[in-house]
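Undergrad: Below is the file input.cif, with mmCIF, C-alpha atoms.
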data_work
loop_
_atom_site.group_PDB
_atom_site.id
_atom_site.type_symbol
_atom_site.label_atom_id
_atom_site.label_comp_id
_atom_site.auth_asym_id
_atom_site.auth_seq_id
_atom_site.Cartn_x
_atom_site.Cartn_y
_atom_site.Cartn_z
ATOM 1 C CA MET A 11 101.518 62.067 76.613
ATOM 2 C CA GLN A 12 98.670 64.308 75.495
ATOM 3 C CA PRO A 13 97.135 66.710 78.030
ATOM 4 C CA SER A 14 93.473 66.319 78.908
ATOM 5 C CA ALA A 15 90.784 68.131 80.861
ATOM 6 C CA ILE A 16 87.813 67.127 82.993
ATOM 7 C CA VAL A 17 85.152 69.793 83.556
ATOM 8 C CA THR A 18 81.940 69.645 85.550
ATOM 9 C CA VAL A 19 79.192 72.279 85.395
ATOM 10 C CA GLY A 20 76.239 72.167 87.757
ATOM 11 C CA GLY A 21 77.500 68.879 89.148
ATOM 12 C CA GLN A 22 77.423 67.173 85.755
ATOM 13 C CA VAL A 23 80.582 65.889 84.050
ATOM 14 C CA MET A 24 80.800 67.403 80.581
ATOM 15 C CA GLY A 25 80.777 64.715 77.886
ATOM 16 C CA SER A 26 82.048 64.445 74.318
ATOM 17 C CA PRO A 27 79.730 67.147 72.842
ATOM 18 C CA PHE A 28 81.307 69.655 75.233
ATOM 19 C CA TYR A 29 84.880 68.677 74.354
ATOM 20 C CA SER A 30 84.167 68.700 70.611
ATOM 21 C CA ARG A 31 83.196 72.386 71.017
ATOM 22 C CA LEU A 32 85.982 73.303 73.457
ATOM 23 C CA VAL A 33 88.308 76.095 72.295
ATOM 24 C CA SER A 34 90.195 76.898 75.504
ATOM 25 C CA ILE A 35 90.225 76.766 79.291
ATOM 26 C CA ASP A 36 92.124 79.285 81.424
ATOM 27 C CA VAL A 37 92.484 78.833 85.186
ATOM 28 C CA THR A 38 94.130 81.506 87.351
ATOM 29 C CA ASP A 39 95.442 80.637 90.809
ATOM 30 C CA ALA A 40 96.247 83.820 92.737
ATOM 31 C CA GLU A 41 98.077 84.343 96.023
ATOM 32 C CA GLY A 42 96.020 86.065 98.699
ATOM 33 C CA THR A 43 92.338 86.933 98.304
ATOM 34 C CA SER A 44 92.380 87.895 94.650
ATOM 35 C CA ASN A 45 89.697 85.570 93.352
ATOM 36 C CA ASP A 46 90.874 82.398 91.650
ATOM 37 C CA THR A 47 89.109 82.365 88.285
ATOM 38 C CA VAL A 48 88.214 80.107 85.372
ATOM 39 C CA SER A 49 87.322 81.040 81.790
ATOM 40 C CA ILE A 50 85.949 78.485 79.325
ATOM 41 C CA HIS A 51 85.584 79.284 75.602
ATOM 42 C CA LEU A 52 83.340 77.048 73.472
ATOM 43 C CA ASN A 53 82.222 76.915 69.855
ATOM 44 C CA ASP A 54 78.450 76.939 69.412
ATOM 45 C CA GLY A 55 76.116 76.613 66.444
ATOM 46 C CA TRP A 56 73.100 74.999 64.822
ATOM 47 C CA GLU A 57 75.053 72.259 63.053
ATOM 48 C CA ALA A 58 75.693 70.135 66.136
ATOM 49 C CA GLY A 59 72.905 71.644 68.228
ATOM 50 C CA MET A 60 73.015 74.701 70.461
ATOM 51 C CA LEU A 61 74.706 74.273 73.830
ATOM 52 C CA ALA A 62 72.607 74.606 76.965
ATOM 53 C CA ILE A 63 73.314 77.945 78.627
ATOM 54 C CA PRO A 64 74.486 77.434 82.230
ATOM 55 C CA ASN A 65 73.023 79.487 85.048
ATOM 56 C CA THR A 66 75.008 81.987 87.047
ATOM 57 C CA GLY A 67 75.646 80.428 90.424
ATOM 58 C CA ASP A 68 76.204 76.945 88.985
ATOM 59 C CA PRO A 69 79.245 75.158 90.482
ATOM 60 C CA VAL A 70 82.187 74.426 88.169
ATOM 61 C CA THR A 71 85.237 72.216 88.690
ATOM 62 C CA VAL A 72 88.258 71.969 86.402
ATOM 63 C CA ALA A 73 90.975 69.311 86.332
ATOM 64 C CA LEU A 74 93.956 69.429 83.943
ATOM 65 C CA GLY A 75 96.935 67.198 83.405
ATOM 66 C CA TYR A 76 98.205 64.068 81.728
ATOM 67 C CA GLY A 77 96.712 60.629 82.180
ATOM 68 C CA ALA A 78 94.751 61.357 85.365
ATOM 69 C CA PRO A 79 94.040 65.139 85.400
ATOM 70 C CA VAL A 80 94.562 67.013 88.693
ATOM 71 C CA LEU A 81 91.774 69.099 90.237
ATOM 72 C CA LEU A 82 92.794 72.753 90.010
ATOM 73 C CA GLY A 83 89.841 74.338 91.759
ATOM 74 C CA ARG A 84 86.153 74.772 92.436
ATOM 75 C CA TYR A 85 84.365 77.818 91.074
ATOM 76 C CA THR A 86 80.952 79.445 90.761
ATOM 77 C CA VAL A 87 79.667 80.677 87.393
ATOM 78 C CA ASP A 88 79.372 84.461 87.553
ATOM 79 C CA THR A 89 79.250 85.391 83.856
ATOM 80 C CA VAL A 90 77.899 83.703 80.726
ATOM 81 C CA GLU A 91 78.479 85.378 77.363
ATOM 82 C CA VAL A 92 76.737 84.014 74.257
ATOM 83 C CA GLU A 93 78.003 85.183 70.856
ATOM 84 C CA CYS A 94 75.805 84.941 67.767
ATOM 85 C CA LEU A 95 76.696 84.831 64.073
ATOM 86 C CA PRO A 96 79.242 83.301 64.395
ATOM 87 C CA TYR A 97 78.207 81.366 67.472
ATOM 88 C CA ALA A 98 80.316 80.902 70.573
ATOM 89 C CA MET A 99 79.950 80.779 74.357
ATOM 90 C CA ARG A 100 82.222 82.015 77.138
ATOM 91 C CA ILE A 101 81.717 80.878 80.725
ATOM 92 C CA GLY A 102 83.446 82.777 83.530
ATOM 93 C CA GLY A 103 83.690 81.692 87.150
ATOM 94 C CA SER A 104 85.297 82.784 90.411
ATOM 95 C CA SER A 105 86.474 80.941 93.479
ATOM 96 C CA ALA A 106 83.565 79.270 95.243
ATOM 97 C CA ASP A 107 85.139 79.998 98.640
ATOM 98 C CA ILE A 108 85.035 83.817 98.644
ATOM 99 C CA ARG A 109 81.549 84.509 99.988
ATOM 100 C CA ALA A 110 79.722 87.785 99.368
ATOM 101 C CA LYS A 111 78.982 87.967 103.099
ATOM 102 C CA MET A 112 82.722 88.324 103.776
ATOM 103 C CA LYS A 113 82.669 91.688 101.990
ATOM 104 C CA GLN A 114 79.848 93.182 104.087
ATOM 105 C CA ASN A 115 80.958 95.985 106.410
ATOM 106 C CA LYS A 116 80.719 95.525 110.174
ATOM 107 C CA SER A 117 82.134 97.095 113.338
ATOM 108 C CA ARG A 118 83.509 95.243 116.393
ATOM 109 C CA HIS A 119 86.697 94.821 118.399
ATOM 110 C CA TRP A 120 88.760 92.272 120.327
ATOM 111 C CA ASP A 121 90.708 92.769 123.565
ATOM 112 C CA GLU A 122 93.760 90.721 124.593
ATOM 113 C CA LYS A 123 93.126 88.011 121.998
ATOM 114 C CA PRO A 124 95.684 85.971 120.047
ATOM 115 C CA LEU A 125 95.470 86.428 116.303
ATOM 116 C CA SER A 126 94.547 82.742 115.892
ATOM 117 C CA THR A 127 91.389 83.237 117.988
ATOM 118 C CA ILE A 128 90.283 86.205 115.878
ATOM 119 C CA VAL A 129 90.850 84.319 112.618
ATOM 120 C CA GLU A 130 89.066 81.210 113.931
ATOM 121 C CA GLU A 131 86.049 83.274 114.996
ATOM 122 C CA ILE A 132 85.704 84.924 111.588
ATOM 123 C CA ALA A 133 86.233 81.623 109.754
ATOM 124 C CA GLY A 134 83.508 79.984 111.825
ATOM 125 C CA GLU A 135 81.048 82.753 110.959
ATOM 126 C CA HIS A 136 81.423 81.807 107.298
ATOM 127 C CA GLY A 137 81.424 78.033 107.698
ATOM 128 C CA LEU A 138 85.134 77.779 106.941
ATOM 129 C CA ALA A 139 87.863 75.814 108.693
ATOM 130 C CA ALA A 140 90.638 78.031 110.082
ATOM 131 C CA LYS A 141 94.272 77.129 109.372
ATOM 132 C CA VAL A 142 96.625 79.511 111.172
ATOM 133 C CA SER A 143 100.396 79.074 111.416
ATOM 134 C CA GLY A 144 101.717 79.152 114.970
ATOM 135 C CA SER A 145 104.386 81.755 114.200
ATOM 136 C CA VAL A 146 101.669 84.239 113.244
ATOM 137 C CA GLY A 147 98.676 83.086 115.253
ATOM 138 C CA SER A 148 100.397 83.201 118.647
ATOM 139 C CA THR A 149 100.662 87.004 118.537
ATOM 140 C CA VAL A 150 98.403 88.517 121.213
ATOM 141 C CA LEU A 151 96.746 91.827 120.320
ATOM 142 C CA PRO A 152 95.966 94.141 123.282
ATOM 143 C CA TRP A 153 93.193 95.717 121.204
ATOM 144 C CA VAL A 154 92.216 95.562 117.559
ATOM 145 C CA GLY A 155 89.146 97.037 115.917
ATOM 146 C CA GLN A 156 87.188 96.240 112.792
ATOM 147 C CA VAL A 157 85.511 99.554 112.036
ATOM 148 C CA ASP A 158 82.972 99.666 109.218
ATOM 149 C CA GLU A 159 84.923 97.234 107.046
ATOM 150 C CA GLY A 160 84.325 93.780 105.642
ATOM 151 C CA ASP A 161 85.982 90.669 107.015
ATOM 152 C CA ILE A 162 88.140 90.316 103.891
ATOM 153 C CA HIS A 163 89.521 93.854 104.164
ATOM 154 C CA PHE A 164 90.047 93.489 107.922
ATOM 155 C CA LEU A 165 91.973 90.216 107.582
ATOM 156 C CA GLU A 166 94.024 91.609 104.692
ATOM 157 C CA ARG A 167 94.987 94.523 106.936
ATOM 158 C CA LEU A 168 96.076 92.176 109.710
ATOM 159 C CA ALA A 169 97.992 90.022 107.212
ATOM 160 C CA ALA A 170 99.926 93.051 105.957
ATOM 161 C CA ARG A 171 100.767 94.018 109.534
ATOM 162 C CA PHE A 172 102.153 90.613 110.503
ATOM 163 C CA ASN A 173 103.819 89.469 107.247
ATOM 164 C CA ALA A 174 101.096 86.886 106.720
ATOM 165 C CA LEU A 175 99.365 85.459 103.673
ATOM 166 C CA PHE A 176 95.591 85.431 103.999
ATOM 167 C CA THR A 177 93.615 83.396 101.514
ATOM 168 C CA VAL A 178 90.478 81.260 101.259
ATOM 169 C CA LYS A 179 90.800 77.976 99.377
ATOM 170 C CA ASN A 180 89.034 74.617 99.386
ATOM 171 C CA GLY A 181 86.808 75.410 102.340
ATOM 172 C CA SER A 182 89.592 76.767 104.564
ATOM 173 C CA LEU A 183 90.525 80.263 105.702
ATOM 174 C CA ILE A 184 94.324 80.219 105.692
ATOM 175 C CA PHE A 185 96.529 82.624 107.628
ATOM 176 C CA ALA A 186 100.170 81.615 107.187
ATOM 177 C CA GLU A 187 103.582 83.262 107.358
ATOM 178 C CA ARG A 188 104.203 84.810 103.959
ATOM 179 C CA GLY A 189 107.173 83.618 101.934
ATOM 180 C CA SER A 190 107.946 80.777 104.355
ATOM 181 C CA GLY A 191 107.297 78.026 101.799
ATOM 182 C CA GLN A 192 105.161 76.269 104.428
ATOM 183 C CA THR A 193 101.485 75.565 104.932
ATOM 184 C CA ALA A 194 99.603 77.041 107.889
ATOM 185 C CA ALA A 195 100.211 73.725 109.669
ATOM 186 C CA GLY A 196 103.974 74.192 109.286
ATOM 187 C CA VAL A 197 104.369 71.532 106.586
ATOM 188 C CA SER A 198 106.899 72.456 103.886
ATOM 189 C CA ILE A 199 105.441 73.029 100.423
ATOM 190 C CA PRO A 200 107.590 71.222 97.836
ATOM 191 C CA GLY A 201 109.564 73.732 95.797
ATOM 192 C CA PHE A 202 109.410 73.743 92.001
ATOM 193 C CA VAL A 203 112.635 73.885 89.953
ATOM 194 C CA ILE A 204 112.373 75.228 86.401
ATOM 195 C CA THR A 205 114.937 74.010 83.860
ATOM 196 C CA PRO A 206 115.417 75.038 80.212
ATOM 197 C CA SER A 207 113.772 71.825 78.988
ATOM 198 C CA VAL A 208 110.323 72.917 80.241
ATOM 199 C CA ILE A 209 110.515 76.643 79.393
ATOM 200 C CA VAL A 210 108.553 77.917 76.394
ATOM 201 C CA GLN A 211 111.104 79.817 74.323
ATOM 202 C CA GLY A 212 110.974 83.605 74.587
ATOM 203 C CA THR A 213 108.923 83.716 77.785
ATOM 204 C CA CYS A 214 111.481 83.767 80.633
ATOM 205 C CA ARG A 215 112.108 87.231 82.099
ATOM 206 C CA PHE A 216 113.892 88.282 85.295
ATOM 207 C CA THR A 217 113.402 91.897 86.410
ATOM 208 C CA ALA A 218 115.410 93.785 89.031
ATOM 209 C CA ASP A 219 113.768 97.116 89.898
ATOM 210 C CA ASP A 220 115.036 99.557 92.525
ATOM 211 C CA ARG A 221 112.057 101.917 92.252
ATOM 212 C CA PRO A 222 110.264 100.377 95.267
ATOM 213 C CA SER A 223 113.503 100.473 97.305
ATOM 214 C CA HIS A 224 113.527 102.205 100.689
ATOM 215 C CA GLN A 225 116.372 102.267 103.184
ATOM 216 C CA LYS A 226 114.115 101.587 106.142
ATOM 217 C CA VAL A 227 110.547 101.440 107.390
ATOM 218 C CA GLU A 228 109.330 103.407 110.400
ATOM 219 C CA ALA A 229 106.303 102.419 112.480
ATOM 220 C CA PHE A 230 104.964 104.529 115.354
ATOM 221 C CA TRP A 231 103.523 103.312 118.659
ATOM 222 C CA GLN A 232 102.056 105.082 121.650
ATOM 223 C CA ASP A 233 103.910 104.578 124.944
ATOM 224 C CA LYS A 234 101.125 105.154 127.482
ATOM 225 C CA ALA A 235 103.470 105.020 130.485
ATOM 226 C CA GLU A 236 105.493 107.952 129.194
ATOM 227 C CA ALA A 237 102.641 109.555 127.230
ATOM 228 C CA LYS A 238 104.962 109.690 124.257
ATOM 229 C CA ARG A 239 104.908 108.494 120.637
ATOM 230 C CA LYS A 240 107.896 106.290 119.792
ATOM 231 C CA ILE A 241 109.362 104.736 116.637
ATOM 232 C CA GLU A 242 110.333 101.212 115.646
ATOM 233 C CA GLU A 243 112.477 100.686 112.528
ATOM 234 C CA ALA A 244 113.267 97.890 110.097
ATOM 235 C CA ILE A 245 115.987 97.985 107.445
ATOM 236 C CA ALA A 246 114.776 97.262 103.915
ATOM 237 C CA ASP A 247 117.755 98.217 101.709
ATOM 238 C CA ASP A 248 121.040 99.645 103.019
ATOM 239 C CA ASP A 249 121.849 101.119 99.593
ATOM 240 C CA ALA A 250 118.611 103.122 99.320
ATOM 241 C CA GLU A 251 117.867 106.519 100.862
ATOM 242 C CA ALA A 252 114.100 106.913 101.131
ATOM 243 C CA ILE A 253 112.190 106.192 104.347
ATOM 244 C CA TYR A 254 108.785 104.500 104.330
ATOM 245 C CA ARG A 255 106.538 105.607 107.212
ATOM 246 C CA ILE A 256 103.493 103.533 108.151
ATOM 247 C CA GLY A 257 100.506 105.815 108.790
ATOM 248 C CA GLU A 258 98.809 103.689 111.454
ATOM 249 C CA ILE A 259 99.728 104.277 115.120
ATOM 250 C CA PHE A 260 100.164 100.982 117.001
ATOM 251 C CA ALA A 261 99.248 100.213 120.586
ATOM 252 C CA THR A 262 102.458 98.420 121.574
ATOM 253 C CA GLN A 263 106.140 98.341 120.707
ATOM 254 C CA ASP A 264 105.838 94.704 119.609
ATOM 255 C CA GLU A 265 103.016 95.470 117.152
ATOM 256 C CA ALA A 266 104.958 98.390 115.692
ATOM 257 C CA LYS A 267 108.109 96.283 115.278
ATOM 258 C CA LYS A 268 106.239 93.458 113.551
ATOM 259 C CA ALA A 269 104.471 95.907 111.241
ATOM 260 C CA ALA A 270 107.775 97.550 110.282
ATOM 261 C CA ASP A 271 109.432 94.173 109.650
ATOM 262 C CA SER A 272 106.464 93.038 107.543
ATOM 263 C CA LYS A 273 106.496 96.158 105.366
ATOM 264 C CA ALA A 274 110.282 95.959 104.924
ATOM 265 C CA LYS A 275 109.937 92.419 103.588
ATOM 266 C CA ASP A 276 107.096 93.516 101.324
ATOM 267 C CA LEU A 277 109.306 96.238 99.825
ATOM 268 C CA GLN A 278 112.174 93.771 99.351
ATOM 269 C CA ARG A 279 109.906 91.309 97.517
ATOM 270 C CA ALA A 280 108.961 93.970 94.962
ATOM 271 C CA THR A 281 112.568 94.557 93.843
ATOM 272 C CA LYS A 282 113.015 91.266 91.956
ATOM 273 C CA ARG A 283 110.413 89.510 89.811
ATOM 274 C CA LEU A 284 110.243 86.455 87.555
ATOM 275 C CA SER A 285 107.855 85.782 84.685
ATOM 276 C CA VAL A 286 107.993 82.514 82.734
ATOM 277 C CA THR A 287 105.787 80.133 80.748
ATOM 278 C CA ILE A 288 106.452 76.410 81.007
ATOM 279 C CA ILE A 289 105.010 73.209 79.602
ATOM 280 C CA GLY A 290 101.733 72.706 81.456
ATOM 281 C CA ASN A 291 102.137 71.348 84.965
ATOM 282 C CA PRO A 292 99.162 71.113 87.353
ATOM 283 C CA ALA A 293 101.524 70.721 90.334
ATOM 284 C CA VAL A 294 102.500 74.410 90.189
ATOM 285 C CA ALA A 295 100.402 76.627 92.483
ATOM 286 C CA ALA A 296 100.413 80.161 93.873
ATOM 287 C CA GLY A 297 102.439 80.465 97.077
ATOM 288 C CA GLN A 298 104.903 77.796 95.998
ATOM 289 C CA SER A 299 108.677 78.310 96.058
ATOM 290 C CA VAL A 300 110.131 78.562 92.537
ATOM 291 C CA THR A 301 113.765 78.602 91.353
ATOM 292 C CA LEU A 302 115.543 78.459 88.007
ATOM 293 C CA ALA A 303 118.318 75.934 87.311
ATOM 294 C CA GLY A 304 120.653 75.821 84.315
ATOM 295 C CA VAL A 305 119.087 78.933 82.792
ATOM 296 C CA ARG A 306 121.609 81.710 83.454
ATOM 297 C CA PRO A 307 124.283 82.690 86.002
ATOM 298 C CA GLY A 308 123.016 85.414 88.311
ATOM 299 C CA VAL A 309 119.439 84.135 88.069
ATOM 300 C CA ASP A 310 119.809 80.423 88.801
ATOM 301 C CA GLY A 311 119.042 79.591 92.410
ATOM 302 C CA VAL A 312 117.427 82.923 93.284
ATOM 303 C CA PRO A 313 114.411 82.001 95.460
ATOM 304 C CA PHE A 314 111.007 83.216 94.300
ATOM 305 C CA ILE A 315 107.447 82.711 95.492
ATOM 306 C CA ALA A 316 104.781 82.199 92.812
ATOM 307 C CA LYS A 317 102.312 85.075 93.128
ATOM 308 C CA THR A 318 100.033 84.177 90.210
ATOM 309 C CA VAL A 319 99.839 80.917 88.241
ATOM 310 C CA ARG A 320 97.750 80.648 85.066
ATOM 311 C CA HIS A 321 96.980 77.260 83.524
ATOM 312 C CA SER A 322 95.922 77.462 79.844
ATOM 313 C CA PHE A 323 94.562 74.526 77.848
ATOM 314 C CA SER A 324 93.524 74.681 74.196
ATOM 315 C CA LYS A 325 93.226 72.300 71.290
ATOM 316 C CA GLY A 326 95.587 74.356 69.170
ATOM 317 C CA GLY A 327 98.145 75.383 71.785
ATOM 318 C CA GLY A 328 98.136 72.387 74.118
ATOM 319 C CA TYR A 329 98.697 72.976 77.837
ATOM 320 C CA THR A 330 100.959 75.690 79.266
ATOM 321 C CA THR A 331 101.483 77.224 82.720
ATOM 322 C CA ASP A 332 102.354 80.913 83.185
ATOM 323 C CA ILE A 333 104.139 81.846 86.423
ATOM 324 C CA ASP A 334 104.522 85.347 87.847
ATOM 325 C CA ALA A 335 106.726 85.323 90.941
ATOM 326 C CA GLU A 336 108.418 87.712 93.350
ATOM 327 C CA LEU A 337 111.524 87.455 95.491
ATOM 328 C CA GLN A 338 111.158 85.110 98.446
ATOM 329 C CA VAL A 339 112.008 86.985 101.656
#
Can I see the file as structure tokens?
TA:
Amino acid sequence: MQPSAIVTVGGQVMGSPFYSRLVSIDVTDAEGTSNDTVSIHLNDGWEAGMLAIPNTGDPVTVALGYGAPVLLGRYTVDTVEVECLPYAMRIGGSSADIRAKMKQNKSRHWDEKPLSTIVEEIAGEHGLAAKVSGSVGSTVLPWVGQVDEGDIHFLERLAARFNALFTVKNGSLIFAERGSGQTAAGVSIPGFVITPSVIVQGTCRFTADDRPSHQKVEAFWQDKAEAKRKIEEAIADDDAEAIYRIGEIFATQDEAKKAADSKAKDLQRATKRLSVTIIGNPAVAAGQSVTLAGVRPGVDGVPFIAKTVRHSFSKGGGYTTDIDAELQV
């Protein structure tokens, strides 16, 4: 079955003139708050009439697949590049859900609040629905401050501290346990198994790298009762020697322990990576569990989490999906 695409720009479904000019579509789905992006390349020219130039800020949707294409995302046009002699047009867009207001610096603090309450408050300020996993959201913070930083940076900092994945997609602010293979509601995300039959030859690479390895992570907290600074540790790699020390001083032993555990897992994830291109599949998304099967002993069955997924559609090259993944911990 031949792959197909459905694109809307400014709320209008693009018709046959658009597709006769289409050169390629690239959609990037990224884990975390790295903007999901779309890039559309079109032929232009006098022969068939010049294409109308879209406005920055116009909404864009892209669906790819076979038979009934699957919606991959909603975007906002942020760049339009028109090439002349020869004529071409490139339209670039970013995720419609990352609002500029979320990057504006502000200062405030919360006392004795569960993480879920903080996330819900910030989501509500931006007209987003909050989806927070119970394992992360139930953590109560004695005190946490947002000091001259934007909401995105603040939530990313909290996510790193509590081994969470923070992202904004499809109108929701999501705060879920990272690497769990579950949604914020606790529903398992179907894993994706890659077999040799779907791999584009020459694109599958597994990398083991001990450069980010540390034996343990140390996090410091202030014991007010004893007026003493204490340490919590988490083992990252028994075979390594280096120690990773977190610079921030935490208010409680529990916060320090969770921060150390989170960083240890982050270091472990960086030691094994997978990169592969497969026959286009719109079901593959960032944050999804990925494994190889029937490819090679020593690599088959190793659990990965897709960090970045790129869907590429072109008349000449068909439809392919690039997956960059890291070890699931």
Undergrad: Restrict the calculation to only C-alpha atoms, then for each residue of range 279-319 of chain A with any atom at most 6 Å from an atom of range 324-334 of chain A give the closest atom pair and their distance in Å to one decimal, rows by chain and rising residue number, as a Markdown table.
TA:
| residue | atom | partner | partner_atom | distance |
| --- | --- | --- | --- | --- |
| A:Leu284 | CA | A:Asp334 | CA | 5.8 |
| A:Ser285 | CA | A:Asp334 | CA | 4.6 |
| A:Val286 | CA | A:Ile333 | CA | 5.4 |
| A:Thr287 | CA | A:Asp332 | CA | 4.3 |
| A:Ile288 | CA | A:Thr331 | CA | 5.3 |
| A:Ile289 | CA | A:Thr330 | CA | 4.8 |
| A:Gly290 | CA | A:Thr330 | CA | 3.8 |
| A:Ala316 | CA | A:Asp334 | CA | 5.9 |
| A:Lys317 | CA | A:Asp334 | CA | 5.7 |
| A:Thr318 | CA | A:Asp334 | CA | 5.2 |
| A:Val319 | CA | A:Ile333 | CA | 4.8 |
Undergrad: Could you spell out the hits of the PyMOL selection byres ((chain A and resi 277) around 12) on the shown file, as a PyMOL selection string?
TA: chain A and resi 170+173+219-227+244-247+250+252-254+270-276+278-282+336-339
Undergrad: Could those selected residues go to a file with C-alpha atoms, as a compact mmCIF listing (two decimals), in the frame of the given file?
TA:
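Output file part09.txt follows:
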# COMPACT_ATOMS: atom_id res chain seq x y z
CA ALA A 170 99.93 93.05 105.96
CA ASN A 173 103.82 89.47 107.25
CA ASP A 219 113.77 97.12 89.90
CA ASP A 220 115.04 99.56 92.52
CA ARG A 221 112.06 101.92 92.25
CA PRO A 222 110.26 100.38 95.27
CA SER A 223 113.50 100.47 97.30
CA HIS A 224 113.53 102.20 100.69
CA GLN A 225 116.37 102.27 103.18
CA LYS A 226 114.12 101.59 106.14
CA VAL A 227 110.55 101.44 107.39
CA ALA A 244 113.27 97.89 110.10
CA ILE A 245 115.99 97.98 107.44
CA ALA A 246 114.78 97.26 103.92
CA ASP A 247 117.76 98.22 101.71
CA ALA A 250 118.61 103.12 99.32
CA ALA A 252 114.10 106.91 101.13
CA ILE A 253 112.19 106.19 104.35
CA TYR A 254 108.78 104.50 104.33
CA ALA A 270 107.78 97.55 110.28
CA ASP A 271 109.43 94.17 109.65
CA SER A 272 106.46 93.04 107.54
CA LYS A 273 106.50 96.16 105.37
CA ALA A 274 110.28 95.96 104.92
CA LYS A 275 109.94 92.42 103.59
CA ASP A 276 107.10 93.52 101.32
CA GLN A 278 112.17 93.77 99.35
CA ARG A 279 109.91 91.31 97.52
CA ALA A 280 108.96 93.97 94.96
CA THR A 281 112.57 94.56 93.84
CA LYS A 282 113.02 91.27 91.96
CA GLU A 336 108.42 87.71 93.35
CA LEU A 337 111.52 87.46 95.49
CA GLN A 338 111.16 85.11 98.45
CA VAL A 339 112.01 86.98 101.66
Undergrad: Using all atoms listed in the file, which residues sit within 7 Å of Pro292 in chain A once same-chain residues fewer than 4 positions away are excluded, as a list in words?
TA: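 Contacts, with the query itself left out: Leu74, Gly75 and Val80 of chain A.
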Undergrad: Return as a list in words the set of residues that the PyMOL selection byres ((chain A and resi 91) around 10) yields on the displayed structure.
TA: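 After applying the PyMOL selection byres ((chain A and resi 91) around 10), what remains is His51, Ile63, Thr89, Val90, Val92, Glu93, Cys94, Ala98, Met99, Arg100, Ile101 and Gly102 of chain A.
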Undergrad: Could you turn the residues from that selection into a file that holds C-alpha atoms, as an mmCIF file, keeping the file's coordinate frame?
TA:
data_model
loop_
_atom_site.group_PDB
_atom_site.id
_atom_site.type_symbol
_atom_site.label_atom_id
_atom_site.label_comp_id
_atom_site.auth_asym_id
_atom_site.auth_seq_id
_atom_site.Cartn_x
_atom_site.Cartn_y
_atom_site.Cartn_z
ATOM 1 C CA HIS A 51 85.584 79.284 75.602
ATOM 2 C CA ILE A 63 73.314 77.945 78.627
ATOM 3 C CA THR A 89 79.250 85.391 83.856
ATOM 4 C CA VAL A 90 77.899 83.703 80.726
ATOM 5 C CA VAL A 92 76.737 84.014 74.257
ATOM 6 C CA GLU A 93 78.003 85.183 70.856
ATOM 7 C CA CYS A 94 75.805 84.941 67.767
ATOM 8 C CA ALA A 98 80.316 80.902 70.573
ATOM 9 C CA MET A 99 79.950 80.779 74.357
ATOM 10 C CA ARG A 100 82.222 82.015 77.138
ATOM 11 C CA ILE A 101 81.717 80.878 80.725
ATOM 12 C CA GLY A 102 83.446 82.777 83.530
#
Undergrad: Just to confirm, what's the straight-line distance from CA of Asp264 in chain A to CA of Lys123 in chain A in Å (one decimal)?
TA: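 Spanning CA of Asp264 in chain A to CA of Lys123 in chain A is a straight-line distance of 14.6 Å.
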Undergrad: Rank A:Pro152, A:Gly144, A:Pro200, A:Gly137 by their smallest atom-to-atom distance to Phe185 in chain A, using only C-alpha atoms, and report the top residue only.
TA: A:Gly144
Undergrad: Report as a list in words the residues that result from applying the PyMOL selection byres ((chain A and resi 183) around 7) to the structure here.
TA: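 Applied to this file, the PyMOL selection byres ((chain A and resi 183) around 7) selects Ala133, Leu138, Ala139, Ala140, Lys141, Thr177, Val178, Lys179, Gly181, Ser182, Ile184 and Phe185 of chain A.
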Undergrad: Quote the spacing between CA of Ala218 in chain A and CA of Arg320 in chain A in Å to one decimal place.
TA: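 Going from CA of Ala218 in chain A over to CA of Arg320 in chain A, I get 22.4 Å.
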Undergrad: Please measure the separation of CA of Asn180 in chain A and CA of Glu159 in chain A, giving the value in Å to one decimal.
TA: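 Atom-to-atom, CA of Asn180 in chain A to CA of Glu159 in chain A, that is 24.2 Å.
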Undergrad: Select, from A:Ile132, A:Ile209, A:Leu125, A:Ala106, the residue with the minimum atom-to-atom distance to Ile162 in chain A, counting all atoms listed in the file.
TA: A:Ile132
Undergrad: Here is a test: counting all atoms listed in the file, which residue of A:Gly160, A:Glu166, A:Gly201, A:Gln12 is nearest to Tyr76 in chain A?
TA: A:Gln12
